[in-house]
Structure formats: C-alpha cells, structure tokens
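Peer 1: structure-v5.cif (mmCIF, C-alpha atoms) pasted underneath:
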data_entry
loop_
_atom_site.label_atom_id
_atom_site.label_comp_id
_atom_site.auth_asym_id
_atom_site.auth_seq_id
_atom_site.Cartn_x
_atom_site.Cartn_y
_atom_site.Cartn_z
CA MET A 81 162.79 282.11 171.38
CA PRO A 82 165.23 284.61 172.94
CA LEU A 83 168.12 283.45 175.09
CA PRO A 84 167.63 284.33 178.78
CA ASP A 85 170.35 286.16 180.71
CA THR A 86 170.64 283.38 183.31
CA THR A 87 169.64 279.77 183.74
CA GLN A 88 170.28 277.12 186.34
CA VAL A 89 171.12 274.40 183.79
CA LEU A 90 172.33 275.04 180.24
CA VAL A 91 172.27 272.03 177.91
CA VAL A 92 174.48 272.56 174.85
CA GLY A 93 173.28 270.29 172.05
CA ALA A 94 169.79 269.15 171.08
CA GLY A 95 170.56 265.68 169.83
CA PRO A 96 168.96 262.72 171.62
CA ASN A 97 171.37 262.99 174.56
CA GLY A 98 170.87 266.68 175.29
CA LEU A 99 167.11 266.34 174.87
CA ALA A 100 166.96 263.27 177.15
CA CYS A 101 168.93 265.10 179.85
CA ALA A 102 166.67 268.16 179.64
CA LEU A 103 163.55 265.98 179.63
CA THR A 104 164.74 264.08 182.73
CA LEU A 105 165.27 267.40 184.50
CA ALA A 106 161.84 268.61 183.37
CA THR A 107 160.13 265.51 184.80
CA LEU A 108 161.85 266.40 188.09
CA GLY A 109 160.58 269.97 188.00
CA ILE A 110 163.74 271.68 186.71
CA LYS A 111 163.52 273.60 183.43
CA ALA A 112 166.84 273.65 181.62
CA THR A 113 167.75 275.97 178.77
CA VAL A 114 168.61 273.94 175.66
CA VAL A 115 170.67 275.48 172.86
CA GLU A 116 171.62 273.99 169.51
CA ALA A 117 174.02 275.26 166.83
CA ARG A 118 172.02 273.70 163.99
CA SER A 119 168.85 275.21 162.56
CA GLY A 120 166.98 271.88 162.59
CA ARG A 121 167.09 268.29 163.76
CA SER A 122 169.88 265.96 162.70
CA ASP A 123 169.53 264.33 159.33
CA GLY A 124 171.64 261.75 157.63
CA ALA A 125 172.85 258.29 158.51
CA ARG A 126 173.24 258.51 162.26
CA GLY A 127 172.04 256.19 165.04
CA CYS A 128 169.07 253.94 164.29
CA LEU A 129 169.09 251.16 166.93
CA ILE A 130 167.49 251.61 170.35
CA HIS A 131 168.19 248.67 172.65
CA ALA A 132 166.22 247.08 175.46
CA ARG A 133 168.08 248.73 178.35
CA THR A 134 167.66 252.15 176.76
CA LEU A 135 163.90 251.60 176.47
CA GLU A 136 163.82 250.57 180.14
CA VAL A 137 165.59 253.81 181.07
CA LEU A 138 163.34 255.91 178.83
CA LYS A 139 160.29 254.36 180.47
CA THR A 140 161.33 256.05 183.73
CA ILE A 141 160.83 259.46 182.07
CA GLY A 142 157.63 258.47 180.26
CA LEU A 143 159.01 257.96 176.75
CA SER A 144 159.02 254.24 175.98
CA ASP A 145 155.35 254.08 174.94
CA ASN A 146 155.84 256.96 172.48
CA LEU A 147 158.82 255.22 170.90
CA LYS A 148 157.18 251.80 170.68
CA ASP A 149 154.61 253.31 168.30
CA ILE A 150 157.28 254.12 165.71
CA GLY A 151 159.88 252.09 163.87
CA ILE A 152 160.42 248.34 163.51
CA GLN A 153 160.76 245.96 166.44
CA SER A 154 163.69 243.78 165.40
CA ARG A 155 164.22 240.33 166.86
CA GLY A 156 167.99 240.82 166.93
CA ILE A 157 171.08 240.75 164.73
CA ILE A 158 172.01 237.80 162.52
CA PHE A 159 175.55 237.32 161.22
CA HIS A 160 175.99 235.43 157.96
CA ALA A 161 179.03 233.97 156.23
CA LYS A 162 177.88 234.29 152.63
CA THR A 163 174.15 233.68 152.70
CA ASN A 164 174.14 231.13 155.51
CA PRO A 165 173.36 232.41 159.02
CA ILE A 166 176.13 231.50 161.48
CA PHE A 167 175.23 233.45 164.64
CA ASN A 168 171.96 234.89 165.87
CA VAL A 169 172.09 237.54 168.59
CA ASP A 170 168.56 236.69 169.74
CA ILE A 171 167.15 239.67 171.60
CA ALA A 172 163.62 238.25 171.25
CA GLY A 173 164.79 235.37 173.44
CA LEU A 174 165.22 237.73 176.40
CA SER A 175 161.47 238.15 176.96
CA GLU A 176 161.62 236.71 180.49
CA PHE A 177 164.28 239.26 181.47
CA THR A 178 163.01 242.54 180.01
CA GLU A 179 159.78 244.24 179.03
CA PHE A 180 161.44 245.20 175.74
CA PRO A 181 162.81 242.02 174.08
CA PHE A 182 163.61 243.69 170.77
CA ILE A 183 165.79 246.30 169.09
CA LEU A 184 163.76 249.31 168.03
CA LEU A 185 164.89 250.34 164.56
CA THR A 186 164.19 254.01 163.88
CA PRO A 187 166.31 256.89 162.58
CA GLN A 188 167.84 259.18 165.20
CA SER A 189 165.87 262.09 163.76
CA GLU A 190 162.62 260.33 164.70
CA ALA A 191 163.82 259.76 168.27
CA GLU A 192 164.78 263.43 168.47
CA ARG A 193 161.32 264.43 167.26
CA ILE A 194 159.63 262.39 170.00
CA PHE A 195 162.00 263.72 172.67
CA GLU A 196 161.58 267.34 171.56
CA GLU A 197 157.77 267.12 171.40
CA ASN A 198 157.68 265.74 174.95
CA LEU A 199 160.10 268.42 176.14
CA LEU A 200 157.90 271.10 174.63
CA ASN A 201 154.96 269.65 176.59
CA HIS A 202 156.99 270.48 179.71
CA GLY A 203 157.37 274.08 178.55
CA VAL A 204 160.98 273.79 177.35
CA GLU A 205 161.75 274.93 173.79
CA VAL A 206 165.04 274.34 171.98
CA ILE A 207 166.84 277.59 171.08
CA ARG A 208 168.44 276.95 167.70
CA ASN A 209 171.14 278.71 165.70
CA SER A 210 173.03 279.22 168.96
CA LYS A 211 176.68 278.19 168.61
CA VAL A 212 178.78 278.28 171.76
CA ILE A 213 182.23 279.86 171.28
CA GLY A 214 183.36 280.78 174.80
CA LEU A 215 183.13 279.81 178.43
CA ARG A 216 184.60 281.54 181.47
CA GLU A 217 184.06 281.52 185.19
CA GLY A 218 182.07 284.32 186.75
CA THR A 219 183.31 286.74 189.34
CA SER A 220 183.68 285.60 192.94
CA ASN A 221 180.30 287.02 193.92
CA VAL A 222 178.41 285.71 190.89
CA GLU A 223 177.44 282.06 190.72
CA GLY A 224 178.06 279.97 187.65
CA LEU A 225 179.79 280.18 184.28
CA GLN A 226 179.42 282.78 181.56
CA VAL A 227 178.80 281.10 178.20
CA SER A 228 179.13 283.18 175.04
CA PHE A 229 177.71 282.56 171.58
CA GLU A 230 178.73 283.29 168.01
CA ASP A 231 176.07 286.00 167.62
CA GLY A 232 177.49 287.99 170.54
CA SER A 233 174.91 286.92 173.13
CA SER A 234 175.76 285.22 176.41
CA ILE A 235 174.13 283.42 179.32
CA ARG A 236 175.16 282.62 182.88
CA ALA A 237 174.57 279.05 184.08
CA SER A 238 175.36 277.12 187.24
CA TYR A 239 175.56 273.81 185.32
CA VAL A 240 176.71 273.49 181.71
CA VAL A 241 175.98 270.13 180.06
CA GLY A 242 178.12 269.33 177.03
CA ALA A 243 175.95 267.28 174.68
CA ASP A 244 177.50 268.77 171.56
CA GLY A 245 179.11 265.73 169.98
CA ALA A 246 182.53 264.18 169.47
CA ARG A 247 184.14 267.52 168.65
CA SER A 248 182.52 269.09 171.70
CA THR A 249 183.17 272.81 172.12
CA VAL A 250 182.18 272.55 175.78
CA ARG A 251 184.70 269.78 176.43
CA THR A 252 187.45 271.67 174.61
CA LEU A 253 186.76 274.96 176.42
CA ALA A 254 186.78 273.09 179.73
CA GLY A 255 190.22 271.67 178.96
CA ILE A 256 189.16 268.02 179.26
CA SER A 257 191.28 265.65 177.17
CA PHE A 258 189.70 263.04 174.90
CA LYS A 259 191.65 259.93 173.94
CA ASP A 260 191.48 256.21 173.30
CA PRO A 261 191.55 254.45 176.69
CA SER A 262 193.96 251.74 175.47
CA THR A 263 196.13 253.32 172.75
CA LYS A 264 196.10 256.82 174.32
CA ILE A 265 195.79 258.36 170.84
CA MET A 266 194.09 261.75 171.15
CA TYR A 267 190.85 262.08 169.22
CA ASP A 268 191.97 265.26 167.47
CA GLU A 269 195.20 263.70 166.25
CA ASN A 270 195.08 262.96 162.54
CA PRO A 271 197.08 259.84 161.75
CA ALA A 272 196.69 258.21 158.35
CA SER A 273 193.20 256.94 157.59
CA ALA A 274 194.68 253.53 156.77
CA MET A 275 195.19 253.00 160.52
CA PHE A 276 191.44 252.93 161.05
CA MET A 277 188.48 250.95 159.88
CA GLN A 278 186.18 253.17 157.83
CA ILE A 279 182.46 252.64 157.49
CA THR A 280 180.02 254.08 155.01
CA LEU A 281 176.46 254.47 156.27
CA ALA A 282 173.66 255.13 153.80
CA ASP A 283 169.88 255.39 153.91
CA VAL A 284 168.53 253.93 150.69
CA ILE A 285 165.48 252.71 148.82
CA LEU A 286 166.25 249.32 147.29
CA ASP A 287 164.55 247.24 144.62
CA ILE A 288 165.56 243.71 145.66
CA ASP A 289 165.18 240.77 143.27
CA ALA A 290 162.47 238.32 144.33
CA SER A 291 165.06 235.52 144.54
CA ILE A 292 166.82 237.34 147.43
CA GLU A 293 165.51 237.18 150.98
CA ILE A 294 166.78 239.83 153.40
CA ARG A 295 164.64 239.66 156.51
CA ARG A 296 162.97 242.84 157.71
CA ASP A 297 162.51 241.61 161.29
CA VAL A 298 166.26 241.48 162.02
CA VAL A 299 169.47 243.37 161.28
CA SER A 300 171.60 241.30 158.89
CA TRP A 301 175.41 241.35 158.67
CA TYR A 302 177.04 239.53 155.73
CA LEU A 303 180.60 239.10 156.98
CA ASN A 304 182.29 237.84 153.81
CA GLY A 305 181.16 240.99 152.01
CA ARG A 306 181.35 243.27 155.08
CA ILE A 307 177.92 244.72 154.38
CA MET A 308 174.95 245.20 156.71
CA PHE A 309 171.25 245.64 155.94
CA CYS A 310 169.07 247.25 158.61
CA PRO A 311 165.36 247.66 157.77
CA LEU A 312 163.75 251.03 158.52
CA ASP A 313 160.32 252.53 158.04
CA PRO A 314 160.59 255.25 155.38
CA PRO A 315 160.04 258.87 156.40
CA GLU A 316 156.66 260.29 155.42
CA SER A 317 158.38 262.48 152.82
CA LEU A 318 159.61 259.43 150.88
CA VAL A 319 157.49 257.62 148.32
CA VAL A 320 158.38 253.92 148.24
CA ASP A 321 156.84 251.64 145.62
CA LYS A 322 155.28 248.37 146.73
CA HIS A 323 158.16 246.31 145.30
CA GLU A 324 160.79 248.48 147.02
CA SER A 325 161.90 248.93 150.63
CA PHE A 326 163.81 251.39 152.81
CA TRP A 327 167.09 250.38 154.47
CA ARG A 328 170.11 251.62 156.36
CA ILE A 329 173.14 249.89 154.91
CA ALA A 330 176.68 249.81 156.32
CA ILE A 331 179.75 249.12 154.20
CA ALA A 332 182.89 248.36 156.21
CA ILE A 333 186.38 249.13 154.88
CA PRO A 334 189.02 247.44 157.08
CA PRO A 335 192.28 249.10 158.19
CA GLY A 336 195.06 248.97 155.63
CA SER A 337 192.68 248.95 152.67
CA SER A 338 194.19 250.21 149.43
CA THR A 339 191.03 252.15 148.58
CA THR A 340 189.69 255.21 150.34
CA PRO A 341 185.92 255.65 150.18
CA PRO A 342 184.56 259.14 149.44
CA ARG A 343 183.48 261.21 152.44
CA TYR A 344 180.01 261.64 150.94
CA PRO A 345 179.45 258.75 148.51
CA ASP A 346 177.19 259.22 145.52
CA HIS A 347 174.61 256.93 143.96
CA ALA A 348 177.10 255.26 141.62
CA TYR A 349 179.56 254.44 144.43
CA ILE A 350 176.90 252.88 146.68
CA GLN A 351 175.48 250.82 143.81
CA SER A 352 178.93 249.52 142.85
CA GLU A 353 179.70 248.55 146.47
CA ILE A 354 176.39 246.70 146.79
CA ASN A 355 177.08 244.85 143.53
CA GLU A 356 180.56 243.85 144.67
CA ARG A 357 179.67 242.82 148.22
CA LYS A 358 176.25 241.16 147.97
CA PRO A 359 176.44 237.36 148.28
CA TRP A 360 173.54 236.64 145.90
CA LYS A 361 173.40 236.34 142.11
CA GLY A 362 170.12 238.25 141.95
CA SER A 363 170.12 242.02 141.57
CA ILE A 364 169.77 244.70 144.23
CA ARG A 365 169.04 247.98 142.49
CA LEU A 366 169.61 251.24 144.33
CA ASP A 367 166.52 253.22 143.40
CA GLN A 368 167.17 256.23 145.63
CA LEU A 369 170.06 257.35 147.82
CA ARG A 370 168.65 259.55 150.58
CA THR A 371 171.87 260.23 152.47
CA ALA A 372 175.34 258.72 152.83
CA ALA A 373 178.55 259.49 154.69
CA THR A 374 181.82 257.74 155.50
CA TYR A 375 183.29 257.78 159.01
CA ARG A 376 186.63 256.78 160.45
CA VAL A 377 186.02 254.34 163.29
CA ARG A 378 187.84 255.63 166.36
CA SER A 379 187.41 255.26 170.09
CA ALA A 380 187.90 257.91 172.75
CA VAL A 381 186.75 258.73 176.27
CA ALA A 382 186.98 261.97 178.22
CA ASP A 383 189.37 262.05 181.17
CA THR A 384 186.42 263.07 183.32
CA PHE A 385 182.71 263.63 182.71
CA PHE A 386 182.56 266.26 185.50
CA LYS A 387 184.71 269.31 186.16
CA THR A 388 184.32 272.30 188.44
CA ILE A 389 185.41 275.67 187.03
CA GLY A 390 185.15 278.44 189.61
CA ASN A 391 181.74 277.91 191.14
CA GLY A 392 180.22 276.41 187.99
CA LYS A 393 179.90 272.77 186.93
CA ILE A 394 180.77 271.24 183.55
CA LEU A 395 179.23 267.84 182.76
CA LEU A 396 179.51 265.69 179.65
CA VAL A 397 177.13 263.19 178.03
CA GLY A 398 177.06 261.08 174.90
CA ASP A 399 179.61 261.62 172.14
CA SER A 400 181.02 264.60 174.05
CA ALA A 401 182.14 262.07 176.67
CA HIS A 402 182.89 258.96 174.57
CA VAL A 403 182.94 257.66 171.01
CA HIS A 404 183.45 254.18 169.59
CA SER A 405 182.71 251.92 166.63
CA PRO A 406 179.10 251.97 165.40
CA THR A 407 179.16 248.15 165.22
CA GLY A 408 176.28 246.93 167.37
CA GLY A 409 174.59 250.33 167.45
CA GLN A 410 175.66 251.23 170.99
CA GLY A 411 176.41 254.96 170.67
CA MET A 412 172.98 256.58 170.93
CA ASN A 413 172.01 254.06 173.61
CA LEU A 414 175.01 254.75 175.82
CA GLY A 415 174.45 258.49 175.44
CA ILE A 416 170.77 258.39 176.33
CA CYS A 417 171.50 256.34 179.45
CA ASP A 418 174.21 258.90 180.35
CA ALA A 419 171.70 261.69 179.89
CA VAL A 420 168.98 260.28 182.14
CA ALA A 421 171.55 259.45 184.84
CA LEU A 422 173.00 262.97 184.61
CA GLY A 423 169.59 264.63 184.78
CA ARG A 424 168.89 262.80 188.02
CA ALA A 425 172.34 263.60 189.41
CA ILE A 426 171.96 267.32 188.68
CA ALA A 427 168.49 267.37 190.24
CA GLU A 428 169.82 265.64 193.35
CA HIS A 429 172.71 268.12 193.52
CA ILE A 430 170.36 271.09 193.23
CA ARG A 431 167.85 269.82 195.78
CA GLY A 432 170.25 268.08 198.12
CA SER A 433 173.24 269.26 200.08
CA GLN A 434 175.14 270.49 196.97
CA ASP A 435 177.69 267.78 197.72
CA ASP A 436 179.74 267.29 194.56
CA ALA A 437 180.04 263.57 195.31
CA VAL A 438 176.80 262.90 193.42
CA LEU A 439 178.26 264.48 190.26
CA ALA A 440 181.61 262.76 190.75
CA ASP A 441 179.80 259.43 191.12
CA TYR A 442 178.00 260.08 187.84
CA SER A 443 181.36 260.67 186.14
CA VAL A 444 183.04 257.56 187.57
CA MET A 445 180.13 255.20 186.91
CA ARG A 446 179.33 256.36 183.40
CA LYS A 447 183.01 256.46 182.38
CA ARG A 448 183.39 252.88 183.63
CA THR A 449 180.43 251.81 181.49
CA ALA A 450 181.75 253.76 178.49
CA ILE A 451 185.09 251.96 178.64
CA GLN A 452 183.32 248.59 178.84
CA VAL A 453 181.27 249.49 175.75
CA ILE A 454 184.37 250.71 173.90
CA GLU A 455 186.12 247.39 174.54
CA ALA A 456 183.02 245.40 173.50
CA THR A 457 182.61 247.36 170.25
CA LYS A 458 186.30 246.91 169.47
CA ARG A 459 185.79 243.15 169.70
CA MET A 460 182.73 243.29 167.44
CA THR A 461 184.61 245.46 164.95
CA ALA A 462 187.52 243.00 164.94
CA VAL A 463 185.10 240.23 163.89
CA VAL A 464 183.89 242.34 160.94
CA ASN A 465 187.49 243.21 159.95
CA ILE A 466 188.78 239.61 159.72
CA PRO A 467 190.12 239.27 156.15
CA ASN A 468 188.53 236.87 153.72
CA GLY A 469 190.38 233.60 153.23
CA TRP A 470 191.29 230.94 155.76
CA LEU A 471 191.07 233.31 158.75
CA ARG A 472 187.54 234.27 157.77
CA ARG A 473 186.56 230.65 157.28
CA ILE A 474 187.93 229.66 160.70
CA ALA A 475 186.18 232.60 162.37
CA ASN A 476 182.89 231.70 160.71
CA ILE A 477 183.19 228.08 161.86
CA LEU A 478 183.92 229.21 165.43
CA MET A 479 180.96 231.62 165.44
CA TYR A 480 178.69 228.85 164.19
CA ALA A 481 179.95 226.46 166.89
CA VAL A 482 179.52 229.07 169.64
CA SER A 483 175.94 229.67 168.50
CA PHE A 484 175.03 226.28 170.02
CA ILE A 485 176.34 227.24 173.49
CA THR A 486 173.29 228.79 175.13
CA PRO A 487 175.01 230.63 178.04
CA VAL A 488 177.48 232.30 175.68
CA ARG A 489 174.78 233.20 173.17
CA ARG A 490 172.60 234.68 175.92
CA LYS A 491 175.52 236.63 177.42
CA ILE A 492 176.19 238.25 174.06
CA ALA A 493 172.49 239.15 173.69
CA TRP A 494 172.48 240.62 177.21
CA ARG A 495 175.49 242.78 176.40
CA LEU A 496 174.15 243.94 173.03
CA GLY A 497 170.79 244.77 174.59
CA GLY A 498 172.51 246.78 177.31
CA LEU A 499 171.09 244.64 180.13
CA THR A 500 174.65 244.00 181.36
CA TYR A 501 174.84 247.70 182.30
CA ARG A 502 171.82 247.82 184.57
CA ASP A 503 172.53 249.66 187.84
#
Rewrite the structure of this file - the entire thing - as structure tokens.

Peer 2:
Amino acid sequence: MPLPDTTQVLVVGAGPNGLACALTLATLGIKATVVEARSGRSDGARGCLIHARTLEVLKTIGLSDNLKDIGIQSRGIIFHAKTNPIFNVDIAGLSEFTEFPFILLTPQSEAERIFEENLLNHGVEVIRNSKVIGLREGTSNVEGLQVSFEDGSSIRASYVVGADGARSTVRTLAGISFKDPSTKIMYDENPASAMFMQITLADVILDIDASIEIRRDVVSWYLNGRIMFCPLDPPESLVVDKHESFWRIAIAIPPGSSTTPPRYPDHAYIQSEINERKPWKGSIRLDQLRTAATYRVRSAVADTFFKTIGNGKILLVGDSAHVHSPTGGQGMNLGICDAVALGRAIAEHIRGSQDDAVLADYSVMRKRTAIQVIEATKRMTAVVNIPNGWLRRIANILMYAVSFITPVRRKIAWRLGGLTYRD
C-alpha cells in the first residue's frame, strides 16, 4: 500500500498500542495512517498477559469477544517459596467486580493479529517497511508536521502518534526526555548492567516429569529459584506432543550478580538455568526453544505525552511514553489503555473546539497512571530480587501471613488486574 501525501492522524508503530489507537479512531469514524518499520508482526518473547481492566477497555472498541476466543484464561498468579504456594493473587475472586475475572494468557503477536484484522475491517491497512527518520514543522500556511522516511518518502500529518517503542524515534525527534521518575537516570544512559535486574524471557516446549505439577490455569513464580512458568497455547506452526506443553518462562538475574546472561540465550543455556533453578527433583527437559532474549529491567517515563510543534501535535503511547519491569505483565496493558484513551482524545480534539486541553488532560492522566504502575512494578521486582537465605525466608513467611488478610489480598488483585486505574 503506497504512503499518502497527507493524513490527519499518523500512527508510527503497529504493535498492540499503535493498532489499538488506530482502531479506536476508526470506530469513531477517523481513518488514521499506520506505518511500521518492521516487515511483519512482532515475534519473540514479548507481552503475554492481558488483564481484566484492559479487556474492559477493549470491549468499548468491540475487541474483547475476539480475544476471549484465544489463549488461556488464567485464575491469577501464585507465588511459591520452593514448591509450597505462599501467596495467591486471585483474579478469579474478582468476579463480582468485573466481567473479566481472569488474566488472558496469549502472545503479543496473537493480540496484534486480532487488532490488525479488525482494523482492516475498518478499511485501514498497515503500511510496513516504513521507518521514520525525520520530523519537522510545516510552513506557516500549511497545517501539520512533515514526517520523512528512510526510503525518501514523506507525509504531512496534523497529529503524529509515537507508538514506536522504548527507543522511540518520534519521541527523540520531538525532543521529549525519557528518564526514571525517581532516580532521574536517562533511559539512553548506559551504566553498568550490574546496576539492573536482568530477565531472560523464553518461549519453550517442555517435557515435564509426571512427578512435577505446574498448573496451567495460573502463572507460577518460584521465588527461591527466581523462575516463572506461564502457560500458553502453542502457535499453529508448532507441533507439540501429547506429553509436552508450551510455556513462557522468565529467569530473573538480580542486580549485582556475578554472571551476565547472554543477550540471546541458546538451548543449552536455558536448559542449564531450568536445571539449576527448578525446585523439584524430577526432570524438566527443554524439547524446543522457540525464542529467547535477555532484557535489562529499567524504568522511565516521558516528560510529557503531548507536545505541540508548530501547528502539529505529537502524542505518545505505550513504551514510547513509559517502560518498567515486566514483573506482573503490566506493560502491554498500560499501553493499550493509553491507546484507547488517546484515540478518544484525538477524536474529541478533531470534532470539538480544537482546545488543546483535551490532549493535555490525556498526557497528565496517563502519565500519572504510568508513574503509579512504575512504582508498583518496582515493588514486585524487589520481592523477586530478595536474596536467598534468611531475608528470603522472612519475606516468604510475611507473604504467607499476608495471604490470610482478605482486604490486602484483594487490593493486590485489584492493582494487578488494573481495576485500580479505572477512570
């Protein structure tokens, strides 16, 4: 599909956040132009948890029913010491408060497929292999911003939505800083990796010994070994034997660790980590490693999610606006909720009085929520990072004790499910 010369709204990035923003606009009668640097959908170990609040938001643009038909409906997240459960974040127990009392477990690529198919039904097609390299304001008598691409093409847009990830080109070109809200460390600074927790995410087919029970209706964290097992339905392209199963696993390496995991771990590395960290005597054999990558866990938030340049508007969503620890699976959820809110704000701005207050309100409200999520994920990450020994034992005892305090347990489930962030 060729790039048009002009568009009212240009969405840069066709991940779940860019697609959700464009789809929200489409349901409101506004066809955005969506561009993506990649040739295809995202692959690899990215987001895979969609929480209750996100499903509530997606229902407003007609997507929740499509998503409920895919993936696994998890009852929640259970934290274990060794093999003993010590704290259950019981999302299933929220059935009287939400229509979606579960965590939907599905790879980000599947969510993107659903979003893109629905967007195409509205007559909007993603233009791929389109990498943004420049942005400048138009002349005084021409509305909008001129956005240029690597292949020499360009487009003029009144609104440019940066949905192009943590290293957002749109954010950088707009001159919006991106730093940790508490430490003030800039995201593009490169201090030693030992300062940060690192986490390896891998999608794997496992052959698990019959003596080992890892539930497939919950996400399971084993804190003493710092390893997580999240059940997923295998992609159609994968052949999984009856005695095997498909999982997303997370392997956490705390700050100050003497070992540095490989950026893209191989089969032997993942198998050795499973062997070392699993709390059971029985075997867990890695039959197939589909994809794996290691990430430094950092937090950052943009100074603003909205900026006027000339007579054009720059707006940020998702990882372009904020990043944080993957613990708790909040990233894709926060971004999708950004995207739907932004789509509505842009539509109101276009159809209303063109008062920038509606876009400024979007920025203030979503940044406030992002900072709350960053602080919550830092606390969850701190729990995972507690060293083994007496500190770990004390923490495990406290978690077990707190699990009997219903108001506290429910508050944690509300926050994890995103219900705390309802408007």

Peer 1: With a distance cut-off of 12 Å and all atoms listed in the file, select the neighbouring residues of Ser257 (chain A), excluding the residue or stretch itself and same-chain residues fewer than 6 positions from it, and output the selection as number ranges by chain.

Peer 2: A: 246-251, 264-269, 380-385, 387, 400-402

Peer 1: Hey, can you check how far CA of Pro406 (chain A) sits from CA of Ile394 (chain A)?

Peer 2: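 A separation of 26.5 Å between them.
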
Peer 1: Write out as a ChimeraX atom specification the residues lying within 10 Å of Thr140 (chain A), counting all atoms listed in the file and excluding same-chain residues fewer than 4 positions away.

Peer 2: /A:104,107,135-136,144,420

Peer 1: Write out, as CSV, each residue of region 339-419 of chain A that has an atom at most 9 Å from region 486-501 of chain A, together with the closest pair of atoms and their distance in Å to one decimal, counting all atoms listed in the file, rows going by chain and rising number.

Peer 2:
residue,atom,partner,partner_atom,distance
A:Gly408,CA,A:Leu496,CA,6.7
A:Gly409,CA,A:Leu496,CA,8.5
A:Gln410,CA,A:Leu496,CA,7.7
A:Asn413,CA,A:Gly498,CA,8.2
A:Leu414,CA,A:Gly498,CA,8.5

Peer 1: Hey, which bits of region 217-311 of chain A sit within 10 Å of region 184-196 of chain A, and for each residue what's the closest pair of atoms and how far apart in Å (one decimal), counting all atoms listed in the file, rows by chain and increasing number, as a Markdown table?

Peer 2:
| residue | atom | partner | partner_atom | distance |
| --- | --- | --- | --- | --- |
| A:Asp283 | CA | A:Pro187 | CA | 9.5 |
| A:Asp297 | CA | A:Leu185 | CA | 9.6 |
| A:Val298 | CA | A:Leu185 | CA | 9.3 |
| A:Val299 | CA | A:Leu185 | CA | 9.0 |
| A:Cys310 | CA | A:Leu185 | CA | 7.9 |
| A:Pro311 | CA | A:Leu185 | CA | 7.3 |

Peer 1: Between A:Phe258, A:Trp327, A:Tyr239, A:Phe159, which residue has the minimum interatomic distance to Val114 (chain A), considering only C-alpha atoms?

Peer 2: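 The answer is A:Tyr239, which sits nearest to Val114 (chain A).
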
Peer 1: Pick out the closest residue to Ala117 (chain A) from this set: A:Pro165, A:Gly93, A:Gly98, A:Gly255. Count all atoms listed in the file.

Peer 2: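 Of A:Pro165, A:Gly93, A:Gly98, A:Gly255, the one nearest Ala117 (chain A) is A:Gly93, counting all atoms listed in the file.
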
Peer 1: Quick one: which region 295-319 of chain A residues come within 10 Å of region 354-374 of chain A, and what is the nearest atom pair for each with the distance in Å to one decimal, counting only C-alpha atoms, rows ordered by chain and ascending number, as JSON lines?

Peer 2:
{"residue": "A:Tyr302", "atom": "CA", "partner": "A:Pro359", "partner_atom": "CA", "distance": 7.8}
{"residue": "A:Leu303", "atom": "CA", "partner": "A:Arg357", "partner_atom": "CA", "distance": 9.6}
{"residue": "A:Asn304", "atom": "CA", "partner": "A:Arg357", "partner_atom": "CA", "distance": 7.9}
{"residue": "A:Gly305", "atom": "CA", "partner": "A:Arg357", "partner_atom": "CA", "distance": 4.5}
{"residue": "A:Arg306", "atom": "CA", "partner": "A:Arg357", "partner_atom": "CA", "distance": 7.1}
{"residue": "A:Ile307", "atom": "CA", "partner": "A:Arg357", "partner_atom": "CA", "distance": 6.7}
{"residue": "A:Met308", "atom": "CA", "partner": "A:Lys358", "partner_atom": "CA", "distance": 9.7}
{"residue": "A:Leu318", "atom": "CA", "partner": "A:Arg370", "partner_atom": "CA", "distance": 9.0}

Peer 1: Determine the nearest neighbour of Met412 (chain A) from the options A:Val438, A:Val444, A:Val91, A:Ala100, counting only C-alpha atoms.

Peer 2: A:Ala100

Peer 1: Within 9 Å of Gly120 (chain A), counting all atoms listed in the file, which residues qualify if same-chain residues fewer than 4 places away don't, as a list of chain:residue names?

Peer 2: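 Everything that qualifies: A:Glu116, A:Arg208, A:Asn209.
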
Peer 1: How many Å separate CA of Gly156 (chain A) from CA of Pro181 (chain A)?

Peer 2: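 Between CA of Gly156 (chain A) and CA of Pro181 (chain A) the gap is 8.9 Å.
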
Peer 1: Mind telling me what the PyMOL selection byres ((chain A and resi 425) around 12) catches here, as a ChimeraX atom specification?

Peer 2: /A:101,104-105,108,239,241,386,395,418-424,426-432,434-443,445-446

Peer 1: Which of these residues is nearest to Ile389 (chain A), using all atoms listed in the file: A:Lys148, A:Arg216, A:His347, A:Arg502?

Peer 2: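 Ranking A:Lys148, A:Arg216, A:His347, A:Arg502 by distance to Ile389 (chain A), first place goes to A:Arg216.
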
Peer 1: Would you work out the distance separating CA of Ser483 (chain A) from CA of Gly411 (chain A), expressed in Å to one decimal?

Peer 2: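 These two atoms are separated by 25.4 Å.
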
Peer 1: Which residue out of A:Lys259, A:Glu205, A:Arg133, A:Leu199 has the minimum interatomic distance to Phe177 (chain A) when only C-alpha atoms are used?

Peer 2: A:Arg133

Peer 1: For Val115 (chain A), please output as an NGL selection string all residues within 12 Å (counting all atoms listed in the file; exclusion window: fewer than 5 positions along the same chain).

Peer 2: :A and (81-84 or 87 or 89-95 or 98-99 or 102 or 120 or 204-212 or 227-229 or 234-235 or 240-244)

Peer 1: Mind completing region 436-447 of chain A with N, CA and C atoms? Output as a short mmCIF file (atom, residue, chain, number, x, y, z; two decimals), keeping the file's coordinate frame, please?

Peer 2:
data_model
loop_
_atom_site.label_atom_id
_atom_site.label_comp_id
_atom_site.auth_asym_id
_atom_site.auth_seq_id
_atom_site.Cartn_x
_atom_site.Cartn_y
_atom_site.Cartn_z
N ASP A 436 179.29 267.66 195.90
CA ASP A 436 179.74 267.29 194.56
C ASP A 436 179.93 265.80 194.36
N ALA A 437 179.85 265.02 195.43
CA ALA A 437 180.04 263.57 195.31
C ALA A 437 179.03 262.96 194.35
N VAL A 438 177.81 263.49 194.30
CA VAL A 438 176.80 262.90 193.42
C VAL A 438 177.19 263.10 191.96
N LEU A 439 177.82 264.23 191.63
CA LEU A 439 178.26 264.48 190.26
C LEU A 439 179.54 263.69 189.95
N ALA A 440 180.40 263.57 190.93
CA ALA A 440 181.61 262.76 190.75
C ALA A 440 181.25 261.30 190.54
N ASP A 441 180.25 260.82 191.28
CA ASP A 441 179.80 259.43 191.12
C ASP A 441 179.26 259.20 189.71
N TYR A 442 178.49 260.17 189.22
CA TYR A 442 178.00 260.08 187.84
C TYR A 442 179.17 259.89 186.88
N SER A 443 180.20 260.72 187.03
CA SER A 443 181.36 260.67 186.14
C SER A 443 182.05 259.31 186.21
N VAL A 444 182.31 258.83 187.41
CA VAL A 444 183.04 257.56 187.57
C VAL A 444 182.24 256.40 187.01
N MET A 445 180.95 256.34 187.32
CA MET A 445 180.13 255.20 186.91
C MET A 445 179.90 255.17 185.41
N ARG A 446 179.61 256.34 184.83
CA ARG A 446 179.33 256.36 183.40
C ARG A 446 180.61 256.19 182.58
N LYS A 447 181.74 256.69 183.09
CA LYS A 447 183.01 256.46 182.38
C LYS A 447 183.36 254.98 182.41
#
